[in-house]
>>> print(open('query36.cif').read())   # mmCIF, C-alpha atoms and all ligand atoms
data_input
loop_
_atom_site.label_atom_id
_atom_site.label_comp_id
_atom_site.auth_asym_id
_atom_site.auth_seq_id
_atom_site.Cartn_x
_atom_site.Cartn_y
_atom_site.Cartn_z
CA MET A 1 209.39 157.58 307.04
CA THR A 2 207.77 158.74 303.81
CA ILE A 3 207.11 156.18 301.17
CA PRO A 4 206.59 157.50 297.65
CA ALA A 5 203.65 156.35 295.59
CA GLN A 6 203.95 153.21 293.50
CA GLY A 7 204.99 153.28 289.91
CA GLU A 8 207.79 155.80 290.30
CA SER A 9 210.66 155.86 287.90
CA ALA A 10 213.16 153.00 287.77
CA GLY A 11 216.06 155.29 288.67
CA ASP A 12 214.38 156.31 291.93
CA PRO A 13 217.05 156.38 294.66
CA GLU A 14 214.35 155.43 297.16
CA ILE A 15 214.18 152.00 295.50
CA LEU A 16 216.76 149.79 297.18
CA LEU A 17 215.85 146.53 295.47
CA LYS A 18 214.06 145.99 292.19
CA VAL A 19 213.04 142.60 290.91
CA THR A 20 211.81 142.11 287.34
CA GLY A 21 210.41 138.88 285.88
CA LEU A 22 212.30 136.84 288.47
CA GLN A 23 212.18 133.07 287.93
CA LYS A 24 213.60 130.00 289.59
CA HIS A 25 212.90 126.63 288.03
CA PHE A 26 214.55 123.71 289.82
CA PRO A 27 215.29 120.98 287.24
CA ILE A 28 213.95 117.48 287.88
CA LYS A 29 216.41 114.89 286.63
CA LYS A 30 215.90 111.17 286.15
CA GLY A 31 217.73 108.05 285.09
CA LEU A 32 221.35 107.10 284.75
CA LEU A 33 222.10 110.00 282.45
CA GLN A 34 220.31 112.42 284.75
CA ARG A 35 218.25 113.81 281.90
CA GLN A 36 215.99 116.72 282.79
CA VAL A 37 212.39 115.55 282.70
CA GLY A 38 210.70 118.60 284.13
CA ALA A 39 211.10 121.52 286.50
CA VAL A 40 209.69 122.80 289.76
CA HIS A 41 208.41 126.30 288.98
CA ALA A 42 209.19 127.61 292.46
CA VAL A 43 209.26 131.29 291.46
CA ASP A 44 207.69 132.00 288.11
CA GLY A 45 208.04 135.59 286.96
CA ILE A 46 207.61 138.08 289.78
CA ASP A 47 208.03 141.86 289.80
CA PHE A 48 208.29 144.08 292.85
CA GLU A 49 210.45 146.71 294.42
CA VAL A 50 211.55 147.40 297.98
CA ARG A 51 212.02 151.01 299.02
CA ALA A 52 214.69 152.20 301.40
CA GLY A 53 213.48 152.12 305.00
CA GLU A 54 210.29 150.15 304.38
CA THR A 55 209.21 146.67 305.43
CA LEU A 56 207.78 144.48 302.71
CA GLY A 57 205.90 141.49 304.10
CA VAL A 58 205.66 138.42 301.84
CA VAL A 59 202.94 135.92 302.67
CA GLY A 60 201.51 132.73 301.18
CA GLU A 61 200.96 129.10 302.07
CA SER A 62 203.80 126.63 302.36
CA GLY A 63 205.29 125.82 298.96
CA CYS A 64 204.34 129.12 297.29
CA GLY A 65 207.99 129.99 296.65
CA LYS A 66 208.57 132.57 299.38
CA SER A 67 211.84 131.11 300.68
CA THR A 68 213.11 130.61 297.14
CA MET A 69 212.32 134.27 296.43
CA GLY A 70 214.22 135.27 299.61
CA ARG A 71 217.22 133.23 298.54
CA LEU A 72 217.11 134.69 295.04
CA ILE A 73 217.14 138.31 296.19
CA THR A 74 219.99 137.63 298.62
CA ARG A 75 221.71 135.81 295.75
CA LEU A 76 222.05 132.56 297.69
CA LEU A 77 220.42 131.00 294.62
CA GLU A 78 221.08 131.70 290.96
CA PRO A 79 217.90 132.84 289.14
CA THR A 80 216.70 130.98 286.05
CA GLY A 81 215.39 134.20 284.54
CA GLY A 82 214.67 137.85 285.25
CA THR A 83 216.77 140.48 286.98
CA VAL A 84 217.60 141.64 290.49
CA GLU A 85 218.86 145.20 290.92
CA PHE A 86 220.28 146.48 294.19
CA GLU A 87 220.73 150.25 294.48
CA GLY A 88 220.26 150.49 290.73
CA LYS A 89 222.98 147.93 289.96
CA ASP A 90 222.17 144.66 288.21
CA ILE A 91 223.36 141.91 290.55
CA THR A 92 221.52 139.02 288.88
CA HIS A 93 224.56 137.11 287.74
CA LEU A 94 227.40 138.57 289.81
CA GLY A 95 230.10 136.04 290.66
CA MET A 96 231.67 135.40 294.06
CA GLY A 97 234.07 138.34 293.76
CA GLY A 98 231.39 140.76 292.59
CA MET A 99 229.05 139.65 295.36
CA ARG A 100 231.60 140.14 298.14
CA PRO A 101 230.88 143.82 298.87
CA LEU A 102 227.17 143.15 298.48
CA ARG A 103 227.24 140.43 301.14
CA ARG A 104 227.77 143.23 303.68
CA ASP A 105 224.71 145.15 302.49
CA VAL A 106 222.26 142.27 302.22
CA GLN A 107 221.80 139.83 305.10
CA MET A 108 219.39 137.02 305.83
CA ILE A 109 217.79 135.82 309.06
CA PHE A 110 216.67 132.21 308.92
CA GLN A 111 213.59 130.48 310.22
CA ASP A 112 215.05 127.95 312.55
CA PRO A 113 217.15 129.37 315.37
CA TYR A 114 217.99 125.78 316.38
CA SER A 115 219.69 124.69 313.19
CA SER A 116 221.04 127.98 311.86
CA LEU A 117 223.66 128.33 314.63
CA ASN A 118 226.68 126.04 314.79
CA PRO A 119 226.37 124.19 318.15
CA ARG A 120 230.16 123.88 318.49
CA HIS A 121 230.83 127.60 318.29
CA THR A 122 230.44 130.12 321.08
CA ILE A 123 228.06 132.97 320.35
CA GLY A 124 231.07 135.29 320.31
CA THR A 125 232.48 133.28 317.39
CA ILE A 126 229.09 133.10 315.65
CA VAL A 127 228.33 136.82 315.85
CA GLY A 128 231.94 137.71 314.99
CA ALA A 129 232.09 135.40 311.95
CA PRO A 130 230.89 137.99 309.37
CA PHE A 131 233.83 140.27 310.29
CA LYS A 132 236.28 137.42 309.77
CA LEU A 133 234.69 136.40 306.46
CA GLN A 134 234.87 139.95 305.15
CA GLY A 135 238.36 140.51 306.61
CA VAL A 136 237.13 143.52 308.58
CA THR A 137 238.43 144.53 312.02
CA PRO A 138 235.85 146.59 313.84
CA GLU A 139 236.90 149.75 315.64
CA GLY A 140 237.69 148.92 319.26
CA GLY A 141 238.31 145.24 318.46
CA LEU A 142 236.17 142.24 317.60
CA LYS A 143 235.20 141.24 321.14
CA LYS A 144 234.00 144.71 322.04
CA GLU A 145 231.94 144.98 318.84
CA VAL A 146 230.36 141.56 319.33
CA GLN A 147 229.44 142.46 322.89
CA ARG A 148 227.92 145.70 321.66
CA LEU A 149 225.83 143.77 319.10
CA LEU A 150 224.67 141.34 321.79
CA SER A 151 223.43 144.19 323.94
CA VAL A 152 221.75 145.84 320.91
CA VAL A 153 219.59 142.70 320.50
CA GLY A 154 218.86 142.51 324.22
CA LEU A 155 221.32 139.76 325.22
CA ASN A 156 223.81 139.90 328.07
CA PRO A 157 227.22 140.80 326.59
CA GLU A 158 228.83 138.73 329.36
CA HIS A 159 227.42 135.60 327.68
CA TYR A 160 229.94 135.99 324.89
CA ASN A 161 231.55 132.63 325.67
CA ARG A 162 228.41 130.56 325.95
CA TYR A 163 227.17 128.01 323.42
CA PRO A 164 223.85 128.10 321.51
CA HIS A 165 222.33 125.22 323.53
CA GLU A 166 222.53 127.40 326.64
CA PHE A 167 219.97 129.79 325.16
CA SER A 168 216.22 129.61 324.63
CA GLY A 169 214.63 129.73 321.13
CA GLY A 170 213.90 133.44 321.32
CA GLN A 171 217.43 134.18 322.54
CA ARG A 172 218.90 132.10 319.73
CA GLN A 173 216.90 134.07 317.20
CA ARG A 174 218.35 137.23 318.79
CA ILE A 175 221.82 135.76 318.22
CA GLY A 176 220.89 135.21 314.55
CA ILE A 177 219.71 138.83 314.35
CA ALA A 178 222.95 140.10 315.96
CA ARG A 179 224.94 138.11 313.39
CA ALA A 180 222.86 139.57 310.54
CA LEU A 181 223.40 143.11 311.85
CA ALA A 182 227.16 142.73 312.35
CA LEU A 183 228.20 144.36 309.09
CA ASN A 184 225.63 147.14 309.26
CA PRO A 185 223.52 145.90 306.31
CA LYS A 186 221.07 147.96 304.28
CA LEU A 187 218.62 145.16 303.53
CA VAL A 188 217.66 142.30 305.84
CA VAL A 189 215.63 139.41 304.47
CA ALA A 190 214.00 137.51 307.33
CA ASP A 191 212.59 134.11 306.32
CA GLU A 192 209.88 133.10 308.81
CA PRO A 193 211.87 134.74 311.62
CA VAL A 194 209.44 133.78 314.38
CA SER A 195 207.48 130.75 313.19
CA ALA A 196 209.66 128.30 315.15
CA LEU A 197 209.15 130.24 318.38
CA ASP A 198 206.50 130.16 321.12
CA VAL A 199 203.70 132.61 320.48
CA SER A 200 204.64 134.62 323.59
CA ILE A 201 208.20 135.03 322.30
CA GLN A 202 207.14 135.82 318.73
CA ALA A 203 205.91 139.29 319.65
CA GLN A 204 209.19 140.08 321.42
CA VAL A 205 211.27 139.18 318.38
CA VAL A 206 208.94 141.04 316.00
CA ASN A 207 209.14 144.10 318.26
CA LEU A 208 212.93 143.81 318.37
CA LEU A 209 213.05 143.82 314.55
CA ASP A 210 210.77 146.85 314.54
CA ASP A 211 212.90 148.75 317.09
CA LEU A 212 216.10 147.94 315.21
CA GLN A 213 214.56 149.26 312.03
CA GLN A 214 213.80 152.60 313.71
CA GLU A 215 217.26 152.84 315.25
CA LEU A 216 219.36 151.63 312.36
CA GLY A 217 217.25 152.66 309.37
CA LEU A 218 217.06 149.10 308.08
CA THR A 219 214.99 147.89 305.16
CA TYR A 220 213.26 144.55 305.63
CA VAL A 221 211.69 141.84 303.54
CA ILE A 222 209.86 139.66 306.05
CA ILE A 223 208.57 136.31 304.84
CA ALA A 224 205.75 134.58 306.71
CA HIS A 225 203.13 131.94 305.94
CA ASP A 226 200.28 133.92 307.42
CA LEU A 227 199.30 137.50 307.84
CA SER A 228 199.41 137.65 311.63
CA VAL A 229 203.19 138.09 311.81
CA VAL A 230 203.61 140.69 309.08
CA ARG A 231 200.44 142.60 309.89
CA HIS A 232 201.90 145.01 312.43
CA VAL A 233 205.34 145.52 310.97
CA SER A 234 204.82 145.75 307.21
CA ASP A 235 204.38 148.92 305.21
CA ARG A 236 203.39 146.90 302.17
CA ILE A 237 202.47 143.25 301.71
CA ALA A 238 202.99 140.93 298.75
CA VAL A 239 200.79 137.85 298.61
CA MET A 240 202.34 134.91 296.77
CA TYR A 241 200.56 131.91 295.31
CA LEU A 242 202.33 129.12 293.46
CA GLY A 243 205.36 131.11 292.35
CA LYS A 244 203.48 134.32 291.48
CA ILE A 245 202.59 137.54 293.27
CA VAL A 246 198.80 137.73 293.18
CA GLU A 247 198.40 140.93 295.19
CA LEU A 248 200.79 143.67 296.28
CA ALA A 249 199.42 146.53 298.32
CA ASP A 250 200.09 148.84 301.17
CA ARG A 251 199.11 147.29 304.44
CA ASP A 252 196.05 149.38 305.20
CA SER A 253 194.50 148.95 301.75
CA LEU A 254 195.10 145.21 301.94
CA TYR A 255 193.43 144.85 305.33
CA LYS A 256 190.62 147.23 304.57
CA ALA A 257 189.71 145.83 301.18
CA PRO A 258 191.67 142.81 299.93
CA MET A 259 191.17 142.41 296.19
CA HIS A 260 192.42 138.92 295.44
CA PRO A 261 190.17 136.08 296.64
CA TYR A 262 193.30 134.28 297.88
CA THR A 263 194.25 137.26 300.05
CA LYS A 264 190.73 137.30 301.41
CA ALA A 265 190.97 133.61 302.23
CA LEU A 266 194.34 134.09 303.97
CA MET A 267 192.92 136.98 305.94
CA SER A 268 189.87 135.07 307.03
CA ALA A 269 192.21 132.45 308.51
CA VAL A 270 193.57 135.04 310.94
CA PRO A 271 191.10 136.11 313.59
CA ILE A 272 191.43 139.85 314.06
CA PRO A 273 190.47 141.03 317.53
CA ASP A 274 187.85 143.72 317.19
CA PRO A 275 185.98 144.67 320.38
CA ARG A 276 183.06 146.05 318.36
CA ARG A 277 182.50 142.60 316.90
CA LYS A 278 183.05 140.55 320.02
CA ASP A 279 179.64 138.95 319.77
CA ALA A 280 179.79 138.40 316.02
CA LYS A 281 180.29 134.83 314.88
CA SER A 282 183.56 134.60 313.03
CA GLU A 283 183.17 133.05 309.57
CA ARG A 284 186.08 131.60 307.71
CA ILE A 285 186.88 130.87 304.13
CA LEU A 286 188.26 127.37 303.93
CA LEU A 287 190.59 126.67 301.06
CA ARG A 288 190.02 123.17 299.72
CA GLY A 289 193.09 120.95 299.45
CA ASP A 290 196.72 121.90 299.19
CA VAL A 291 198.54 124.25 296.89
CA PRO A 292 198.75 122.40 293.52
CA SER A 293 202.11 121.04 292.38
CA PRO A 294 204.53 123.67 291.10
CA ILE A 295 205.82 121.06 288.65
CA SER A 296 202.78 121.57 286.41
CA PRO A 297 200.91 124.59 287.75
CA PRO A 298 197.26 125.07 286.72
CA SER A 299 196.63 126.97 283.48
CA GLY A 300 195.37 130.56 283.43
CA CYS A 301 195.03 131.92 286.94
CA ARG A 302 196.87 129.46 289.16
CA PHE A 303 194.34 129.93 291.94
CA HIS A 304 191.38 128.94 289.75
CA THR A 305 191.34 125.35 291.03
CA ARG A 306 190.55 126.56 294.57
CA CYS A 307 188.72 129.82 293.93
CA TRP A 308 185.00 130.27 294.56
CA LYS A 309 184.80 132.94 291.85
CA ALA A 310 186.54 131.04 289.03
CA THR A 311 185.02 131.20 285.54
CA GLU A 312 186.21 130.02 282.12
CA ILE A 313 188.55 132.99 281.58
CA CYS A 314 190.30 132.13 284.86
CA ARG A 315 191.04 128.65 283.50
CA THR A 316 192.38 129.87 280.16
CA THR A 317 193.93 133.30 280.62
CA GLU A 318 196.51 134.35 283.15
CA PRO A 319 195.50 137.67 284.74
CA PRO A 320 198.31 140.26 284.77
CA LEU A 321 199.29 142.00 288.00
CA LEU A 322 197.66 145.41 287.48
CA GLU A 323 197.49 148.47 289.68
CA LEU A 324 193.70 148.66 289.91
CA LYS A 325 193.71 151.15 292.78
CA PRO A 326 196.55 153.51 293.70
CA GLY A 327 199.03 151.48 295.72
CA GLN A 328 197.19 148.19 295.17
CA ARG A 329 198.17 145.74 292.44
CA VAL A 330 196.20 142.58 291.88
CA ALA A 331 196.15 139.73 289.37
CA CYS A 332 192.50 138.67 289.18
CA HIS A 333 189.71 138.64 286.58
CA HIS A 334 187.03 138.90 289.25
CA PRO A 335 188.58 140.90 292.09
CA GLU A 336 186.89 141.52 295.40
CA ASN A 337 186.00 145.09 296.33
CA PHE A 338 186.43 146.31 292.77
CA GLU A 339 184.98 146.35 289.30
CA ASP A 340 184.83 142.94 287.64
CA GLN A 341 187.61 142.74 285.04
CA ALA A 342 185.74 140.14 282.95
CA PRO A 343 182.07 140.96 283.54
CA GLN A 344 181.00 139.01 280.43
CA ASP A 345 182.28 135.81 282.02
CA THR A 346 179.62 134.88 284.57
CA VAL A 347 179.33 131.10 284.44
CA LEU A 348 181.13 129.53 287.36
CA LEU A 349 183.41 126.57 286.85
CA SER A 350 182.29 123.45 288.68
CA VAL A 351 185.34 123.68 290.99
CA ALA A 352 184.21 127.17 291.94
CA ARG A 353 180.72 125.93 292.81
CA GLU A 354 182.26 123.31 295.07
CA ALA A 355 184.58 125.92 296.60
CA ALA A 356 181.61 128.21 297.20
CA GLU A 357 180.06 125.47 299.34
CA LEU A 358 183.07 125.80 301.59
CA VAL A 359 182.69 129.53 301.75
CA ALA A 360 179.94 130.16 304.25
CA ASP A 361 176.94 132.13 302.97
CA GLU A 362 177.66 134.68 305.66
CA VAL A 363 181.13 135.18 304.22
CA LEU A 364 179.76 135.72 300.74
CA ALA A 365 177.21 138.15 302.14
CA GLU A 366 179.86 139.94 304.14
CA SER A 367 182.04 140.06 301.03
CA ALA A 368 179.23 141.78 299.13
CA GLU A 369 178.67 144.15 302.02
CA THR A 370 182.35 145.13 302.20
CA SER A 371 182.37 145.71 298.46
CA ALA A 372 179.42 148.04 298.78
CA ALA A 373 180.98 149.85 301.73
CA VAL A 374 184.18 150.39 299.79
CA ALA A 375 182.14 151.58 296.82
CA ALA A 376 180.40 154.08 299.09
CA GLU A 377 183.70 155.37 300.40
CA VAL A 378 185.09 155.81 296.93
CA ALA A 379 181.87 157.60 295.96
CA ASP A 380 182.34 159.93 298.93
CA ALA A 381 185.81 160.69 297.65
CA GLY A 382 184.11 161.67 294.38
CA GLY A 383 186.03 159.17 292.24
CA ALA A 384 184.64 157.57 289.13
CA GLU A 385 185.75 154.31 290.68
CA ALA A 386 182.55 154.31 292.71
CA VAL A 387 180.61 152.98 289.78
CA SER A 388 183.07 150.20 289.24
CA ALA A 389 183.20 149.21 292.88
CA SER A 390 179.46 148.78 293.05
CA THR A 391 179.71 146.61 289.96
CA GLY A 392 182.15 144.58 292.05
CA THR A 393 179.33 144.01 294.52
CA ALA A 394 177.15 142.69 291.79
CA SER A 395 179.91 140.37 290.70
CA THR A 396 180.13 138.85 294.16
CA GLY A 397 176.42 138.21 293.98
CA THR A 398 176.83 136.53 290.61
CA VAL A 399 179.58 134.32 291.83
CA SER A 400 177.77 132.80 294.73
CA GLY A 401 174.69 132.41 292.62
CA GLY A 402 172.75 131.84 295.83
CA SER A 403 170.09 133.87 297.51
CA ALA A 404 172.32 134.52 300.51
CA ALA A 405 174.77 136.35 298.33
CA ALA A 406 172.02 138.24 296.64
CA ASP A 407 170.77 139.22 300.09
CA GLY A 408 174.32 140.19 300.92
CA ALA A 409 174.48 142.37 297.86
CA ASP A 410 171.21 143.94 298.90
CA ALA A 411 172.51 144.45 302.39
CA GLY A 412 175.55 146.07 300.89
CA GLN A 413 173.39 148.27 298.75
CA GLU A 414 171.53 149.31 301.86
CA SER A 415 174.73 150.25 303.58
CA THR A 416 175.73 152.26 300.53
CA GLU A 417 172.50 154.16 300.70
CA LYS A 418 172.83 154.87 304.40
N1 LIG B 1 216.44 122.99 295.96
C1 LIG B 1 215.25 122.65 295.51
N2 LIG B 1 215.09 121.70 294.57
C2 LIG B 1 213.88 121.38 294.08
N3 LIG B 1 212.73 121.94 294.49
C3 LIG B 1 212.81 122.89 295.43
C4 LIG B 1 214.06 123.30 295.99
N4 LIG B 1 213.81 124.28 296.92
C5 LIG B 1 212.48 124.46 296.92
N5 LIG B 1 211.87 123.64 296.04
C6 LIG B 1 210.43 123.55 295.74
O1 LIG B 1 210.01 124.82 295.34
C7 LIG B 1 208.69 125.09 295.82
C8 LIG B 1 208.72 126.38 296.61
O2 LIG B 1 209.47 126.16 297.80
P1 LIG B 1 209.75 127.29 298.88
O3 LIG B 1 210.51 126.68 300.01
O4 LIG B 1 210.34 128.46 298.20
O5 LIG B 1 208.28 127.66 299.33
P2 LIG B 1 207.79 128.41 300.63
O6 LIG B 1 206.60 129.20 300.20
O7 LIG B 1 208.91 129.15 301.24
O8 LIG B 1 207.33 127.25 301.56
P3 LIG B 1 207.78 126.93 303.06
O9 LIG B 1 207.12 127.99 303.88
O10 LIG B 1 207.24 125.57 303.29
O11 LIG B 1 209.28 127.02 303.06
C9 LIG B 1 208.31 123.89 296.66
O12 LIG B 1 207.49 123.06 295.88
C10 LIG B 1 209.62 123.21 296.98
O13 LIG B 1 209.44 121.83 297.11
#
>>> encode(input="query36.cif", output="structure tokens")
Amino acid sequence: MTIPAQGESAGDPEILLKVTGLQKHFPIKKGLLQRQVGAVHAVDGIDFEVRAGETLGVVGESGCGKSTMGRLITRLLEPTGGTVEFEGKDITHLGMGGMRPLRRDVQMIFQDPYSSLNPRHTIGTIVGAPFKLQGVTPEGGLKKEVQRLLSVVGLNPEHYNRYPHEFSGGQRQRIGIARALALNPKLVVADEPVSALDVSIQAQVVNLLDDLQQELGLTYVIIAHDLSVVRHVSDRIAVMYLGKIVELADRDSLYKAPMHPYTKALMSAVPIPDPRRKDAKSERILLRGDVPSPISPPSGCRFHTRCWKATEICRTTEPPLLELKPGQRVACHHPENFEDQAPQDTVLLSVAREAAELVADEVLAESAETSAAVAAEVADAGGAEAVSASTGTASTGTVSGGSAAADGADAGQESTEK
């Protein structure tokens, strides 16, 4: 599968889904007259595209708006603002009739295989329901097609007449997948498809999704709260925080050199097995507190209340999502592994100083070292970016303000020189 570079033209046939300025504000109503007194800014202006045949992973902590985004792009929810285009057609406000053909092309797999299947229906009825709803009779008859779908997802077609409670969690999720595949969709949105399953079963279901993609040429948007699930299956990853996309990059760039501090924090929460580092002590970035309320999100950069790099500009000015490196978009004034976007702003906010206490010195040092290593690589490639990336190192040193970070920056410098 070849994926074209980012930023291609809007009419690109490779782009299956295009989302522009998408918003969902849930009104908060009070009193007898149910007057609107506020709104939950669940999704607050996001832009991205999904290319045919790719897997876009969407990650972020609970409450960041991932499920709402999934429901908006499958049109299970009506957006408050922005547009959704599917195969170049604006589907943002299509009514029931207009959506009918699209329901075949876009399917959703839900998180909870226990509650998403009707316990009173046999799996034959459940998997066959999409045909009935669309008024389609499959070639060879409904029963035969349902049995074929069951075997495609690795279930015994003879179990056609059994009920959901007779299956394990992993098997039930396979039933959900068979139902989603029934009408041969183009796009499948999977909302936390494995988080309700045992860890040992999770890999099986993720592998099944991967195999089905190869066989059927599916396009996926896979939503997960951490990076461990999407890591192996995604071509690109969007990181969401409080209703916004803060970083969107191809998988390898994101893992090699995350640019948003939030991405870095999410990544440090997932231990990555690396035999070369088996003796190294694993350091983690701890995020203080919960995601702030989406009813009144923080001003400027929404992550500034938990970020160890936050300065005044982060509190006052919202950073736009910019493509700072090819294939890597980030919304940050002081990105990791890259040139500082607001180098004049060096005084840390007090919240950032407190957050830095939670970020181990070793992490800050390692952060500086990675920045320098990336700078060296870019320099090897002969890009002018090298200069900026080393400035990024300096910025990490500035942020921590401590000697450890300065040492880290030095260590990084050393590794650049080597
Ligand atoms: N129907 C609704 N009415 C009001 N608020 C809602 C509604 N659905 C979601 N929200 C709120 O919108 C915000 C985003 O929720 P959403 O479920 O999209 O987040 P999420 O990142 O998917 O989290 P989780 O992984 O916990 O599902 C949350 O604060 C949630 O409480």
>>> atom_distance(input="query36.cif", atom1="atom C8 of ligand LIG 1 (chain B)", atom2="atom CA of His260 of chain A")
20.6 Å
>>> residues_near_ligand(input="query36.cif", ligand="ligand LIG 1 (chain B)", cutoff="10 Å", atoms="only C-alpha atoms and all ligand atoms", output="PDB file with C-alpha atoms, in the coordinates of the input")
ATOM      1  CA  LYS A  24     213.600 130.000 289.590  1.00  0.00           C
ATOM      2  CA  HIS A  25     212.900 126.630 288.030  1.00  0.00           C
ATOM      3  CA  PHE A  26     214.550 123.710 289.820  1.00  0.00           C
ATOM      4  CA  PRO A  27     215.290 120.980 287.240  1.00  0.00           C
ATOM      5  CA  ILE A  28     213.950 117.480 287.880  1.00  0.00           C
ATOM      6  CA  ALA A  39     211.100 121.520 286.500  1.00  0.00           C
ATOM      7  CA  VAL A  40     209.690 122.800 289.760  1.00  0.00           C
ATOM      8  CA  HIS A  41     208.410 126.300 288.980  1.00  0.00           C
ATOM      9  CA  ALA A  42     209.190 127.610 292.460  1.00  0.00           C
ATOM     10  CA  VAL A  43     209.260 131.290 291.460  1.00  0.00           C
ATOM     11  CA  VAL A  58     205.660 138.420 301.840  1.00  0.00           C
ATOM     12  CA  VAL A  59     202.940 135.920 302.670  1.00  0.00           C
ATOM     13  CA  GLY A  60     201.510 132.730 301.180  1.00  0.00           C
ATOM     14  CA  GLU A  61     200.960 129.100 302.070  1.00  0.00           C
ATOM     15  CA  SER A  62     203.800 126.630 302.360  1.00  0.00           C
ATOM     16  CA  GLY A  63     205.290 125.820 298.960  1.00  0.00           C
ATOM     17  CA  CYS A  64     204.340 129.120 297.290  1.00  0.00           C
ATOM     18  CA  GLY A  65     207.990 129.990 296.650  1.00  0.00           C
ATOM     19  CA  LYS A  66     208.570 132.570 299.380  1.00  0.00           C
ATOM     20  CA  SER A  67     211.840 131.110 300.680  1.00  0.00           C
ATOM     21  CA  THR A  68     213.110 130.610 297.140  1.00  0.00           C
ATOM     22  CA  MET A  69     212.320 134.270 296.430  1.00  0.00           C
ATOM     23  CA  GLY A  70     214.220 135.270 299.610  1.00  0.00           C
ATOM     24  CA  ARG A  71     217.220 133.230 298.540  1.00  0.00           C
ATOM     25  CA  LEU A  72     217.110 134.690 295.040  1.00  0.00           C
ATOM     26  CA  LEU A  77     220.420 131.000 294.620  1.00  0.00           C
ATOM     27  CA  GLN A 111     213.590 130.480 310.220  1.00  0.00           C
ATOM     28  CA  ASP A 191     212.590 134.110 306.320  1.00  0.00           C
ATOM     29  CA  GLU A 192     209.880 133.100 308.810  1.00  0.00           C
ATOM     30  CA  SER A 195     207.480 130.750 313.190  1.00  0.00           C
ATOM     31  CA  ILE A 223     208.570 136.310 304.840  1.00  0.00           C
ATOM     32  CA  ALA A 224     205.750 134.580 306.710  1.00  0.00           C
ATOM     33  CA  HIS A 225     203.130 131.940 305.940  1.00  0.00           C
ATOM     34  CA  ASP A 226     200.280 133.920 307.420  1.00  0.00           C
ATOM     35  CA  MET A 240     202.340 134.910 296.770  1.00  0.00           C
ATOM     36  CA  TYR A 241     200.560 131.910 295.310  1.00  0.00           C
ATOM     37  CA  LEU A 242     202.330 129.120 293.460  1.00  0.00           C
ATOM     38  CA  GLY A 243     205.360 131.110 292.350  1.00  0.00           C
ATOM     39  CA  VAL A 291     198.540 124.250 296.890  1.00  0.00           C
ATOM     40  CA  PRO A 292     198.750 122.400 293.520  1.00  0.00           C
ATOM     41  CA  SER A 293     202.110 121.040 292.380  1.00  0.00           C
ATOM     42  CA  PRO A 294     204.530 123.670 291.100  1.00  0.00           C
ATOM     43  CA  ILE A 295     205.820 121.060 288.650  1.00  0.00           C
TER      44      ILE A 295
END
>>> residues_around(input="query36.cif", residues="His159 of chain A", least_positions_apart="5", cutoff="10 Å", atoms="all atoms listed in the file", output="list in words")
Thr122, Ile123, Gly124, Gln147, Leu150, Glu166 and Phe167 of chain A
>>> atom_distance(input="query36.cif", atom1="atom CA of Asp235 of chain A", atom2="atom CA of Tyr255 of chain A")
11.7 Å
>>> residues_around(input="query36.cif", residues="Ala249 of chain A", least_positions_apart="3", cutoff="10 Å", atoms="all atoms listed in the file", output="VMD selection string")
chain A and resid 6 56 235 to 239 252 to 255 258 to 259 323 325 to 330
>>> closest_residue(input="query36.cif", among="A:Leu22, A:Val199, A:Val359, A:Ile46", to="Val246 of chain A", atoms="all atoms listed in the file")
A:Ile46
>>> atom_distance(input="query36.cif", atom1="atom CA of Ile175 of chain A", atom2="atom CA of Ser228 of chain A")
23.4 Å
>>> closest_residue(input="query36.cif", among="A:Ala356, A:Ile245, A:Leu287, A:Val205", to="Pro320 of chain A", atoms="only C-alpha atoms")
A:Ile245
>>> residues_around(input="query36.cif", residues="Ile91 of chain A", least_positions_apart="6", cutoff="10 Å", atoms="all atoms listed in the file", output="list in words")
Ile73, Thr74, Arg75, Thr83, Val84, Glu85, Gly98, Met99 and Leu102 of chain A
>>> closest_residue(input="query36.cif", among="A:Tyr114, A:Leu142, A:Ile177, A:Gln204", to="Pro164 of chain A", atoms="only C-alpha atoms")
A:Tyr114
